[in-house]
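**Student:** Input structure: my_file13.cif, which contains mmCIF, N, CA and C atoms.
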```
data_query
loop_
_atom_site.label_atom_id
_atom_site.label_comp_id
_atom_site.auth_asym_id
_atom_site.auth_seq_id
_atom_site.Cartn_x
_atom_site.Cartn_y
_atom_site.Cartn_z
N MET A 1 28.80 -19.45 22.19
CA MET A 1 27.38 -19.60 22.00
C MET A 1 26.88 -18.44 21.15
N GLU A 2 26.05 -18.75 20.16
CA GLU A 2 25.51 -17.74 19.25
C GLU A 2 24.02 -17.60 19.51
N VAL A 3 23.57 -16.36 19.64
CA VAL A 3 22.15 -16.08 19.86
C VAL A 3 21.62 -15.37 18.63
N ILE A 4 20.59 -15.92 18.06
CA ILE A 4 19.97 -15.31 16.89
C ILE A 4 18.64 -14.74 17.34
N MET A 5 18.48 -13.46 17.10
CA MET A 5 17.25 -12.79 17.51
C MET A 5 16.55 -12.25 16.28
N SER A 6 15.24 -12.24 16.32
CA SER A 6 14.48 -11.63 15.24
C SER A 6 13.25 -10.98 15.84
N MET A 7 12.72 -10.04 15.09
CA MET A 7 11.52 -9.34 15.54
C MET A 7 10.54 -9.34 14.38
N MET A 8 9.31 -9.65 14.67
CA MET A 8 8.27 -9.62 13.63
C MET A 8 7.20 -8.65 14.07
N GLU A 9 6.70 -7.87 13.11
CA GLU A 9 5.57 -7.00 13.38
C GLU A 9 4.72 -6.93 12.13
N SER A 10 3.44 -6.65 12.30
CA SER A 10 2.56 -6.61 11.15
C SER A 10 2.92 -5.44 10.26
N ILE A 11 2.61 -5.57 8.98
CA ILE A 11 2.92 -4.51 8.04
C ILE A 11 2.15 -3.24 8.39
N GLY A 12 0.93 -3.39 8.94
CA GLY A 12 0.16 -2.22 9.36
C GLY A 12 0.83 -1.46 10.48
N THR A 13 1.36 -2.18 11.44
CA THR A 13 2.09 -1.55 12.54
C THR A 13 3.34 -0.89 12.01
N ALA A 14 4.02 -1.56 11.10
CA ALA A 14 5.23 -0.98 10.51
C ALA A 14 4.90 0.27 9.72
N SER A 15 3.79 0.27 8.96
CA SER A 15 3.45 1.46 8.17
C SER A 15 3.09 2.63 9.07
N ASP A 16 2.44 2.36 10.20
CA ASP A 16 2.14 3.43 11.16
C ASP A 16 3.43 4.02 11.71
N ARG A 17 4.40 3.17 12.01
CA ARG A 17 5.69 3.63 12.52
C ARG A 17 6.43 4.44 11.47
N VAL A 18 6.37 4.00 10.21
CA VAL A 18 7.03 4.72 9.13
C VAL A 18 6.41 6.10 8.96
N MET A 19 5.08 6.18 9.01
CA MET A 19 4.42 7.48 8.88
C MET A 19 4.81 8.40 10.03
N ALA A 20 4.85 7.88 11.25
CA ALA A 20 5.24 8.70 12.40
C ALA A 20 6.67 9.20 12.26
N THR A 21 7.55 8.34 11.79
CA THR A 21 8.95 8.73 11.60
C THR A 21 9.07 9.76 10.49
N LEU A 22 8.34 9.57 9.40
CA LEU A 22 8.35 10.53 8.30
C LEU A 22 7.87 11.89 8.78
N MET A 23 6.77 11.92 9.53
CA MET A 23 6.25 13.20 10.03
C MET A 23 7.24 13.87 10.97
N ALA A 24 7.87 13.10 11.85
CA ALA A 24 8.84 13.67 12.78
C ALA A 24 10.03 14.27 12.04
N GLY A 25 10.53 13.56 11.04
CA GLY A 25 11.66 14.07 10.26
C GLY A 25 11.31 15.33 9.50
N LEU A 26 10.11 15.37 8.93
CA LEU A 26 9.68 16.56 8.20
C LEU A 26 9.48 17.76 9.13
N GLU A 27 9.00 17.49 10.35
CA GLU A 27 8.85 18.58 11.31
C GLU A 27 10.21 19.14 11.73
N LEU A 28 11.20 18.26 11.87
CA LEU A 28 12.54 18.74 12.20
C LEU A 28 13.09 19.63 11.08
N GLU A 29 12.82 19.23 9.85
CA GLU A 29 13.35 19.96 8.70
C GLU A 29 12.57 21.25 8.41
N PHE A 30 11.24 21.19 8.51
CA PHE A 30 10.42 22.31 8.04
C PHE A 30 9.62 23.01 9.14
N GLY A 31 9.75 22.54 10.37
CA GLY A 31 9.09 23.22 11.47
C GLY A 31 7.83 22.53 11.95
N HIS A 32 7.45 22.88 13.18
CA HIS A 32 6.28 22.28 13.83
C HIS A 32 5.01 22.57 13.03
N GLY A 33 4.22 21.57 12.84
CA GLY A 33 2.96 21.71 12.11
C GLY A 33 3.07 21.35 10.64
N ALA A 34 4.26 21.39 10.09
CA ALA A 34 4.44 21.10 8.67
C ALA A 34 4.55 19.59 8.40
N GLY A 35 4.98 18.83 9.40
CA GLY A 35 5.26 17.41 9.21
C GLY A 35 4.08 16.61 8.71
N GLU A 36 2.95 16.75 9.35
CA GLU A 36 1.78 15.96 8.96
C GLU A 36 1.30 16.31 7.57
N ALA A 37 1.21 17.60 7.26
CA ALA A 37 0.75 18.02 5.94
C ALA A 37 1.69 17.54 4.84
N LEU A 38 2.99 17.68 5.07
CA LEU A 38 3.96 17.23 4.07
C LEU A 38 3.97 15.71 3.93
N ALA A 39 3.81 15.00 5.04
CA ALA A 39 3.78 13.54 4.98
C ALA A 39 2.60 13.07 4.12
N HIS A 40 1.47 13.73 4.24
CA HIS A 40 0.32 13.34 3.43
C HIS A 40 0.52 13.70 1.96
N ARG A 41 1.28 14.75 1.69
CA ARG A 41 1.62 15.07 0.30
C ARG A 41 2.53 13.99 -0.29
N PHE A 42 3.51 13.52 0.51
CA PHE A 42 4.37 12.42 0.07
C PHE A 42 3.51 11.18 -0.19
N LEU A 43 2.60 10.90 0.72
CA LEU A 43 1.73 9.74 0.60
C LEU A 43 0.90 9.82 -0.68
N ASP A 44 0.35 10.99 -0.96
CA ASP A 44 -0.45 11.17 -2.18
C ASP A 44 0.40 11.00 -3.44
N ALA A 45 1.60 11.56 -3.42
CA ALA A 45 2.47 11.51 -4.60
C ALA A 45 2.96 10.10 -4.90
N GLU A 46 3.17 9.30 -3.88
CA GLU A 46 3.69 7.94 -4.05
C GLU A 46 2.68 6.90 -3.58
N GLU A 47 1.40 7.20 -3.77
CA GLU A 47 0.33 6.36 -3.24
C GLU A 47 0.45 4.89 -3.65
N THR A 48 0.71 4.63 -4.91
CA THR A 48 0.77 3.24 -5.38
C THR A 48 1.82 2.45 -4.62
N GLU A 49 3.01 3.01 -4.45
CA GLU A 49 4.08 2.31 -3.76
C GLU A 49 3.76 2.11 -2.28
N PHE A 50 3.19 3.14 -1.64
CA PHE A 50 2.82 3.01 -0.23
C PHE A 50 1.76 1.94 -0.04
N LEU A 51 0.74 1.92 -0.90
CA LEU A 51 -0.32 0.91 -0.79
C LEU A 51 0.25 -0.50 -0.98
N TRP A 52 1.09 -0.66 -1.99
CA TRP A 52 1.66 -1.97 -2.28
C TRP A 52 2.51 -2.46 -1.11
N ASP A 53 3.32 -1.57 -0.55
CA ASP A 53 4.19 -1.95 0.57
C ASP A 53 3.40 -2.22 1.85
N ALA A 54 2.23 -1.58 1.99
CA ALA A 54 1.44 -1.74 3.22
C ALA A 54 0.43 -2.87 3.13
N ARG A 55 0.41 -3.60 2.02
CA ARG A 55 -0.60 -4.65 1.87
C ARG A 55 -0.38 -5.76 2.88
N ALA A 56 -1.47 -6.28 3.41
CA ALA A 56 -1.42 -7.42 4.32
C ALA A 56 -1.77 -8.70 3.57
N GLN A 57 -2.63 -8.56 2.54
CA GLN A 57 -3.04 -9.70 1.72
C GLN A 57 -3.19 -9.22 0.29
N GLU A 58 -3.11 -10.18 -0.62
CA GLU A 58 -3.30 -9.85 -2.03
C GLU A 58 -3.99 -11.01 -2.73
N ARG A 59 -4.65 -10.68 -3.85
CA ARG A 59 -5.35 -11.69 -4.65
C ARG A 59 -5.27 -11.31 -6.12
N TRP A 60 -4.81 -12.24 -6.94
CA TRP A 60 -4.72 -12.00 -8.37
C TRP A 60 -6.11 -11.97 -8.97
N ILE A 61 -6.41 -10.94 -9.76
CA ILE A 61 -7.72 -10.82 -10.41
C ILE A 61 -7.64 -11.26 -11.87
N GLY A 62 -6.58 -10.82 -12.55
CA GLY A 62 -6.42 -11.18 -13.95
C GLY A 62 -5.44 -10.26 -14.64
N ALA A 63 -5.20 -10.56 -15.90
CA ALA A 63 -4.27 -9.74 -16.69
C ALA A 63 -4.91 -8.39 -17.00
N TYR A 64 -4.06 -7.38 -17.13
CA TYR A 64 -4.51 -6.04 -17.49
C TYR A 64 -4.25 -5.83 -18.97
N GLU A 65 -5.29 -5.51 -19.70
CA GLU A 65 -5.17 -5.28 -21.14
C GLU A 65 -4.97 -3.79 -21.38
N SER A 66 -3.78 -3.41 -21.80
CA SER A 66 -3.45 -2.00 -22.03
C SER A 66 -3.32 -1.72 -23.52
N ILE A 67 -3.90 -0.63 -23.96
CA ILE A 67 -3.79 -0.21 -25.36
C ILE A 67 -2.47 0.55 -25.55
N ASP A 68 -2.08 1.32 -24.54
CA ASP A 68 -0.93 2.22 -24.65
C ASP A 68 0.42 1.52 -24.61
N ASN A 69 0.60 0.58 -23.70
CA ASN A 69 1.92 0.00 -23.48
C ASN A 69 1.86 -1.52 -23.64
N GLU A 70 1.96 -1.96 -24.86
CA GLU A 70 1.81 -3.38 -25.14
C GLU A 70 3.04 -4.21 -24.74
N ASP A 71 4.19 -3.56 -24.55
CA ASP A 71 5.42 -4.28 -24.20
C ASP A 71 5.44 -4.72 -22.74
N LEU A 72 4.72 -4.04 -21.89
CA LEU A 72 4.72 -4.32 -20.46
C LEU A 72 3.48 -5.11 -20.08
N GLU A 73 3.68 -6.31 -19.57
CA GLU A 73 2.56 -7.14 -19.15
C GLU A 73 2.28 -6.87 -17.68
N LEU A 74 1.06 -6.46 -17.39
CA LEU A 74 0.67 -6.14 -16.02
C LEU A 74 -0.51 -7.00 -15.60
N ASP A 75 -0.58 -7.26 -14.30
CA ASP A 75 -1.69 -7.99 -13.72
C ASP A 75 -2.48 -7.06 -12.81
N ARG A 76 -3.76 -7.33 -12.68
CA ARG A 76 -4.60 -6.62 -11.71
C ARG A 76 -4.59 -7.44 -10.42
N ILE A 77 -4.14 -6.79 -9.35
CA ILE A 77 -4.03 -7.45 -8.05
C ILE A 77 -4.89 -6.69 -7.04
N ALA A 78 -5.82 -7.40 -6.42
CA ALA A 78 -6.61 -6.80 -5.33
C ALA A 78 -5.81 -6.96 -4.04
N ILE A 79 -5.77 -5.90 -3.25
CA ILE A 79 -5.01 -5.93 -2.00
C ILE A 79 -5.86 -5.36 -0.87
N CYS A 80 -5.47 -5.70 0.35
CA CYS A 80 -6.00 -5.03 1.52
C CYS A 80 -4.85 -4.87 2.51
N GLY A 81 -4.94 -3.85 3.32
CA GLY A 81 -3.88 -3.59 4.27
C GLY A 81 -4.22 -2.41 5.15
N ARG A 82 -3.22 -1.94 5.84
CA ARG A 82 -3.41 -0.82 6.76
C ARG A 82 -2.30 0.20 6.52
N LEU A 83 -2.70 1.45 6.37
CA LEU A 83 -1.76 2.53 6.11
C LEU A 83 -2.21 3.76 6.87
N ASP A 84 -1.29 4.37 7.57
CA ASP A 84 -1.55 5.59 8.34
C ASP A 84 -2.72 5.38 9.31
N GLY A 85 -2.78 4.17 9.90
CA GLY A 85 -3.80 3.88 10.91
C GLY A 85 -5.17 3.53 10.36
N ARG A 86 -5.29 3.39 9.04
CA ARG A 86 -6.60 3.12 8.44
C ARG A 86 -6.52 1.88 7.54
N TRP A 87 -7.56 1.04 7.61
CA TRP A 87 -7.64 -0.14 6.75
C TRP A 87 -8.10 0.30 5.36
N PHE A 88 -7.56 -0.35 4.33
CA PHE A 88 -7.92 -0.01 2.96
C PHE A 88 -8.01 -1.27 2.11
N THR A 89 -8.62 -1.11 0.96
CA THR A 89 -8.62 -2.13 -0.08
C THR A 89 -8.41 -1.41 -1.39
N GLY A 90 -7.84 -2.10 -2.36
CA GLY A 90 -7.61 -1.47 -3.65
C GLY A 90 -7.25 -2.48 -4.71
N VAL A 91 -7.18 -1.99 -5.94
CA VAL A 91 -6.74 -2.81 -7.07
C VAL A 91 -5.57 -2.07 -7.71
N LEU A 92 -4.44 -2.78 -7.80
CA LEU A 92 -3.22 -2.20 -8.34
C LEU A 92 -2.77 -2.96 -9.58
N LEU A 93 -2.01 -2.27 -10.42
CA LEU A 93 -1.38 -2.89 -11.59
C LEU A 93 0.04 -3.25 -11.20
N VAL A 94 0.38 -4.53 -11.35
CA VAL A 94 1.67 -5.03 -10.88
C VAL A 94 2.31 -5.84 -12.00
N ASP A 95 3.63 -5.65 -12.18
CA ASP A 95 4.32 -6.42 -13.21
C ASP A 95 4.78 -7.78 -12.66
N GLY A 96 5.38 -8.57 -13.52
CA GLY A 96 5.83 -9.92 -13.14
C GLY A 96 6.93 -9.94 -12.10
N ASP A 97 7.62 -8.82 -11.90
CA ASP A 97 8.66 -8.73 -10.88
C ASP A 97 8.13 -8.24 -9.54
N GLY A 98 6.82 -8.05 -9.45
CA GLY A 98 6.22 -7.60 -8.19
C GLY A 98 6.34 -6.11 -7.95
N ILE A 99 6.50 -5.33 -9.02
CA ILE A 99 6.59 -3.88 -8.89
C ILE A 99 5.26 -3.27 -9.30
N ALA A 100 4.68 -2.46 -8.40
CA ALA A 100 3.40 -1.82 -8.66
C ALA A 100 3.60 -0.63 -9.60
N HIS A 101 2.71 -0.52 -10.61
CA HIS A 101 2.82 0.53 -11.62
C HIS A 101 1.67 1.52 -11.59
N GLY A 102 0.59 1.20 -10.91
CA GLY A 102 -0.54 2.12 -10.88
C GLY A 102 -1.64 1.60 -9.99
N THR A 103 -2.53 2.51 -9.65
CA THR A 103 -3.68 2.18 -8.81
C THR A 103 -4.94 2.37 -9.63
N LEU A 104 -5.75 1.33 -9.74
CA LEU A 104 -7.02 1.44 -10.45
C LEU A 104 -8.14 1.91 -9.53
N GLY A 105 -8.00 1.66 -8.25
CA GLY A 105 -9.01 2.10 -7.29
C GLY A 105 -8.58 1.77 -5.88
N LYS A 106 -9.08 2.57 -4.94
CA LYS A 106 -8.75 2.38 -3.53
C LYS A 106 -9.88 2.95 -2.69
N ARG A 107 -10.15 2.31 -1.59
CA ARG A 107 -11.09 2.89 -0.63
C ARG A 107 -10.71 2.46 0.77
N PHE A 108 -11.07 3.29 1.73
CA PHE A 108 -10.80 2.98 3.12
C PHE A 108 -11.98 2.23 3.71
N CYS A 109 -11.68 1.36 4.67
CA CYS A 109 -12.69 0.50 5.29
C CYS A 109 -12.65 0.69 6.80
N ARG A 110 -13.76 0.33 7.46
CA ARG A 110 -13.86 0.50 8.91
C ARG A 110 -13.04 -0.51 9.70
N SER A 111 -12.78 -1.66 9.10
CA SER A 111 -12.09 -2.72 9.85
C SER A 111 -11.28 -3.60 8.91
N ARG A 112 -10.46 -4.44 9.52
CA ARG A 112 -9.68 -5.41 8.73
C ARG A 112 -10.62 -6.36 8.01
N LYS A 113 -11.66 -6.79 8.69
CA LYS A 113 -12.62 -7.72 8.09
C LYS A 113 -13.29 -7.10 6.87
N ALA A 114 -13.71 -5.85 6.98
CA ALA A 114 -14.36 -5.17 5.85
C ALA A 114 -13.39 -5.00 4.68
N ALA A 115 -12.13 -4.68 4.97
CA ALA A 115 -11.13 -4.53 3.92
C ALA A 115 -10.88 -5.87 3.22
N ARG A 116 -10.79 -6.93 3.99
CA ARG A 116 -10.55 -8.26 3.41
C ARG A 116 -11.73 -8.70 2.55
N GLU A 117 -12.96 -8.46 3.03
CA GLU A 117 -14.14 -8.84 2.25
C GLU A 117 -14.20 -8.06 0.94
N ALA A 118 -13.87 -6.76 1.00
CA ALA A 118 -13.86 -5.94 -0.21
C ALA A 118 -12.80 -6.44 -1.19
N MET A 119 -11.65 -6.85 -0.68
CA MET A 119 -10.61 -7.39 -1.54
C MET A 119 -11.08 -8.68 -2.22
N LEU A 120 -11.75 -9.54 -1.47
CA LEU A 120 -12.23 -10.80 -2.03
C LEU A 120 -13.34 -10.58 -3.05
N ASP A 121 -14.10 -9.47 -2.94
CA ASP A 121 -15.17 -9.16 -3.87
C ASP A 121 -14.70 -8.41 -5.11
N ALA A 122 -13.47 -7.91 -5.09
CA ALA A 122 -12.97 -7.11 -6.22
C ALA A 122 -12.90 -7.95 -7.49
N HIS A 123 -13.15 -7.30 -8.60
CA HIS A 123 -13.08 -7.98 -9.90
C HIS A 123 -12.59 -7.03 -10.97
#
```
Have the structure of the file written as structure tokens, please.
**Tutor:**
Amino acid sequence: MEVIMSMMESIGTASDRVMATLMAGLELEFGHGAGEALAHRFLDAEETEFLWDARAQERWIGAYESIDNEDLELDRIAICGRLDGRWFTGVLLVDGDGIAHGTLGKRFCRSRKAAREAMLDAH
């Protein structure tokens, strides 16, 4: 007899767990008190990737017209999600392979509903 098990959790819950694990690992490496500060520095440095990975919903807004890089076709994608225990909404530049290349804007919201409404209003 074969038993197949799976576990599902929301991306927001997963991102909270990832942040906690990152902070714990950094505290082990650099000492007590350093973990949270360093984790936020990692988050700031890789913000676009963290936001894209933590998205709960997304909505295509339109093509991004770039003067600098005409070879790369990017789309503007509005997203909402939860990262580090906070709901957010933002607009990211994403290529056809689903790889985020930049953040045009981001803001934190009080609730999932507010983040979703802001995502739907983005243009």
**Student:** Return the single residue from A:Ile61, A:Val91, A:Ala54, A:Leu74 that is closest to Lys106 (chain A), with distances computed using all atoms listed in the file.
**Tutor:** A:Val91
**Student:** Can you spell out as a compact mmCIF listing (two decimals) with N, CA and C atoms, keeping the file's coordinate frame the set of residues that the PyMOL selection byres (((chain A and resi 96-98 and name CA) around 8) and name CA) selects in the structure I just provided?
**Tutor:**
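File written: out.txt
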```txt
# COMPACT_ATOMS: atom_id res chain seq x y z
N GLU A 73 3.68 -6.31 -19.57
CA GLU A 73 2.56 -7.14 -19.15
C GLU A 73 2.28 -6.87 -17.68
N LEU A 74 1.06 -6.46 -17.39
CA LEU A 74 0.67 -6.14 -16.02
C LEU A 74 -0.51 -7.00 -15.60
N ASP A 75 -0.58 -7.26 -14.30
CA ASP A 75 -1.69 -7.99 -13.72
C ASP A 75 -2.48 -7.06 -12.81
N VAL A 94 0.38 -4.53 -11.35
CA VAL A 94 1.67 -5.03 -10.88
C VAL A 94 2.31 -5.84 -12.00
N ASP A 95 3.63 -5.65 -12.18
CA ASP A 95 4.32 -6.42 -13.21
C ASP A 95 4.78 -7.78 -12.66
N ILE A 99 6.50 -5.33 -9.02
CA ILE A 99 6.59 -3.88 -8.89
C ILE A 99 5.26 -3.27 -9.30
N ALA A 100 4.68 -2.46 -8.40
CA ALA A 100 3.40 -1.82 -8.66
C ALA A 100 3.60 -0.63 -9.60
```
**Student:** Do you have the CA of Asp71 (chain A)-CA of Ala122 (chain A) distance handy?
**Tutor:**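 Straight-line distance from CA of Asp71 (chain A) to CA of Ala122 (chain A) works out to 25.9 Å.
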**Student:** CA of Leu43 (chain A) and atom C of Gly102 (chain A) are how many Å apart?
**Tutor:**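 Between these atoms lies a distance of 13.8 Å.
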**Student:** Restricting the calculation to all atoms listed in the file: of A:Ala39, A:Arg112, A:Gly85, A:Leu120, which residue gets closest to Arg59 (chain A)?
**Tutor:**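 The shortest atom-to-atom distance to Arg59 (chain A) comes from A:Leu120.
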**Student:** Select from chain A everything DSSP, run on the backbone, classes as helix (DSSP H, G or I), then give the selection as an MDAnalysis selection string.
**Tutor:** chainID A and resid 11:30 34:45 47:53 112:121
**Student:** With distances taken over only C-alpha atoms, which of A:Arg82, A:His40, A:His123, A:His32 is nearest to Leu104 (chain A)?
**Tutor:** A:His123
**Student:** Quote the spacing between CA of Glu58 (chain A) and CA of Leu93 (chain A) in Å to one decimal place.
**Tutor:**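 Computing the Euclidean distance for CA of Glu58 (chain A) and CA of Leu93 (chain A) yields 12.0 Å.
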**Student:** Applying the PyMOL selection byres ((chain A and resi 115) around 7) to the file I just gave you, which residues come out? Please list them as a VMD selection string.
**Tutor:** chain A and resid 79 to 81 87 to 89 108 to 114 116 to 120
**Student:** Please determine, counting only C-alpha atoms, which residue among A:Ala37, A:Ala78, A:Ala24, A:Ile67 has the shortest atom-to-atom distance to Arg55 (chain A).
**Tutor:**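 For Arg55 (chain A), the nearest of the candidates is A:Ala78.
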**Student:** Determine the residue membership of the PyMOL selection byres (((chain A and resi 64 and name CA) around 7) and name CA) for the file above and supply it as a compact mmCIF listing (two decimals) with N, CA and C atoms, in the frame of the given file.
**Tutor:**
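Writing the result to selection38.txt gives the following:
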```txt
# COMPACT_ATOMS: atom_id res chain seq x y z
N GLY A 62 -6.58 -10.82 -12.55
CA GLY A 62 -6.42 -11.18 -13.95
C GLY A 62 -5.44 -10.26 -14.64
N ALA A 63 -5.20 -10.56 -15.90
CA ALA A 63 -4.27 -9.74 -16.69
C ALA A 63 -4.91 -8.39 -17.00
N GLU A 65 -5.29 -5.51 -19.70
CA GLU A 65 -5.17 -5.28 -21.14
C GLU A 65 -4.97 -3.79 -21.38
N SER A 66 -3.78 -3.41 -21.80
CA SER A 66 -3.45 -2.00 -22.03
C SER A 66 -3.32 -1.72 -23.52
N LEU A 74 1.06 -6.46 -17.39
CA LEU A 74 0.67 -6.14 -16.02
C LEU A 74 -0.51 -7.00 -15.60
N ASP A 75 -0.58 -7.26 -14.30
CA ASP A 75 -1.69 -7.99 -13.72
C ASP A 75 -2.48 -7.06 -12.81
N ARG A 76 -3.76 -7.33 -12.68
CA ARG A 76 -4.60 -6.62 -11.71
C ARG A 76 -4.59 -7.44 -10.42
```
**Student:** I need the residues in chain A that are strand (DSSP E) according to DSSP; give them as a PyMOL selection string.
**Tutor:** chain A and resi 55-64+74-83+86-95+100-109
**Student:** How would region 98-106 of chain A look with all heavy atoms restored, written as an mmCIF file, in the frame of the given file?
**Tutor:**
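selection-v6.cif, written as the output of this step:
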```cif
data_model
loop_
_atom_site.group_PDB
_atom_site.id
_atom_site.type_symbol
_atom_site.label_atom_id
_atom_site.label_comp_id
_atom_site.auth_asym_id
_atom_site.auth_seq_id
_atom_site.Cartn_x
_atom_site.Cartn_y
_atom_site.Cartn_z
ATOM 1 N N GLY A 98 6.820 -8.050 -9.450
ATOM 2 C CA GLY A 98 6.220 -7.600 -8.190
ATOM 3 C C GLY A 98 6.340 -6.110 -7.950
ATOM 4 O O GLY A 98 6.272 -5.656 -6.812
ATOM 5 N N ILE A 99 6.500 -5.330 -9.020
ATOM 6 C CA ILE A 99 6.590 -3.880 -8.890
ATOM 7 C C ILE A 99 5.260 -3.270 -9.300
ATOM 8 O O ILE A 99 4.745 -3.525 -10.393
ATOM 9 C CB ILE A 99 7.727 -3.317 -9.761
ATOM 10 C CG1 ILE A 99 9.064 -3.897 -9.289
ATOM 11 C CG2 ILE A 99 7.745 -1.795 -9.727
ATOM 12 C CD1 ILE A 99 10.222 -3.582 -10.188
ATOM 13 N N ALA A 100 4.680 -2.460 -8.400
ATOM 14 C CA ALA A 100 3.400 -1.820 -8.660
ATOM 15 C C ALA A 100 3.600 -0.630 -9.600
ATOM 16 O O ALA A 100 4.521 0.155 -9.439
ATOM 17 C CB ALA A 100 2.775 -1.365 -7.357
ATOM 18 N N HIS A 101 2.710 -0.520 -10.610
ATOM 19 C CA HIS A 101 2.820 0.530 -11.620
ATOM 20 C C HIS A 101 1.670 1.520 -11.590
ATOM 21 O O HIS A 101 1.762 2.576 -12.216
ATOM 22 C CB HIS A 101 2.929 -0.084 -13.015
ATOM 23 C CG HIS A 101 4.231 -0.748 -13.253
ATOM 24 N ND1 HIS A 101 5.283 -0.107 -13.865
ATOM 25 C CD2 HIS A 101 4.675 -1.993 -12.940
ATOM 26 C CE1 HIS A 101 6.311 -0.937 -13.939
ATOM 27 N NE2 HIS A 101 5.970 -2.082 -13.378
ATOM 28 N N GLY A 102 0.590 1.200 -10.910
ATOM 29 C CA GLY A 102 -0.540 2.120 -10.880
ATOM 30 C C GLY A 102 -1.640 1.600 -9.990
ATOM 31 O O GLY A 102 -1.676 0.427 -9.623
ATOM 32 N N THR A 103 -2.530 2.510 -9.650
ATOM 33 C CA THR A 103 -3.680 2.180 -8.810
ATOM 34 C C THR A 103 -4.940 2.370 -9.630
ATOM 35 O O THR A 103 -5.172 3.456 -10.172
ATOM 36 C CB THR A 103 -3.726 3.098 -7.571
ATOM 37 O OG1 THR A 103 -2.495 2.968 -6.856
ATOM 38 C CG2 THR A 103 -4.876 2.739 -6.650
ATOM 39 N N LEU A 104 -5.750 1.330 -9.740
ATOM 40 C CA LEU A 104 -7.020 1.440 -10.450
ATOM 41 C C LEU A 104 -8.140 1.910 -9.530
ATOM 42 O O LEU A 104 -9.109 2.496 -9.991
ATOM 43 C CB LEU A 104 -7.404 0.090 -11.068
ATOM 44 C CG LEU A 104 -6.489 -0.415 -12.173
ATOM 45 C CD1 LEU A 104 -6.923 -1.798 -12.635
ATOM 46 C CD2 LEU A 104 -6.493 0.558 -13.349
ATOM 47 N N GLY A 105 -8.000 1.660 -8.250
ATOM 48 C CA GLY A 105 -9.010 2.100 -7.290
ATOM 49 C C GLY A 105 -8.580 1.770 -5.880
ATOM 50 O O GLY A 105 -7.782 0.866 -5.664
ATOM 51 N N LYS A 106 -9.080 2.570 -4.940
ATOM 52 C CA LYS A 106 -8.750 2.380 -3.530
ATOM 53 C C LYS A 106 -9.880 2.950 -2.690
ATOM 54 O O LYS A 106 -10.485 3.945 -3.074
ATOM 55 C CB LYS A 106 -7.442 3.089 -3.202
ATOM 56 C CG LYS A 106 -7.145 3.165 -1.708
ATOM 57 C CD LYS A 106 -6.220 4.301 -1.376
ATOM 58 C CE LYS A 106 -6.969 5.602 -1.440
ATOM 59 N NZ LYS A 106 -6.292 6.775 -1.001
#
```
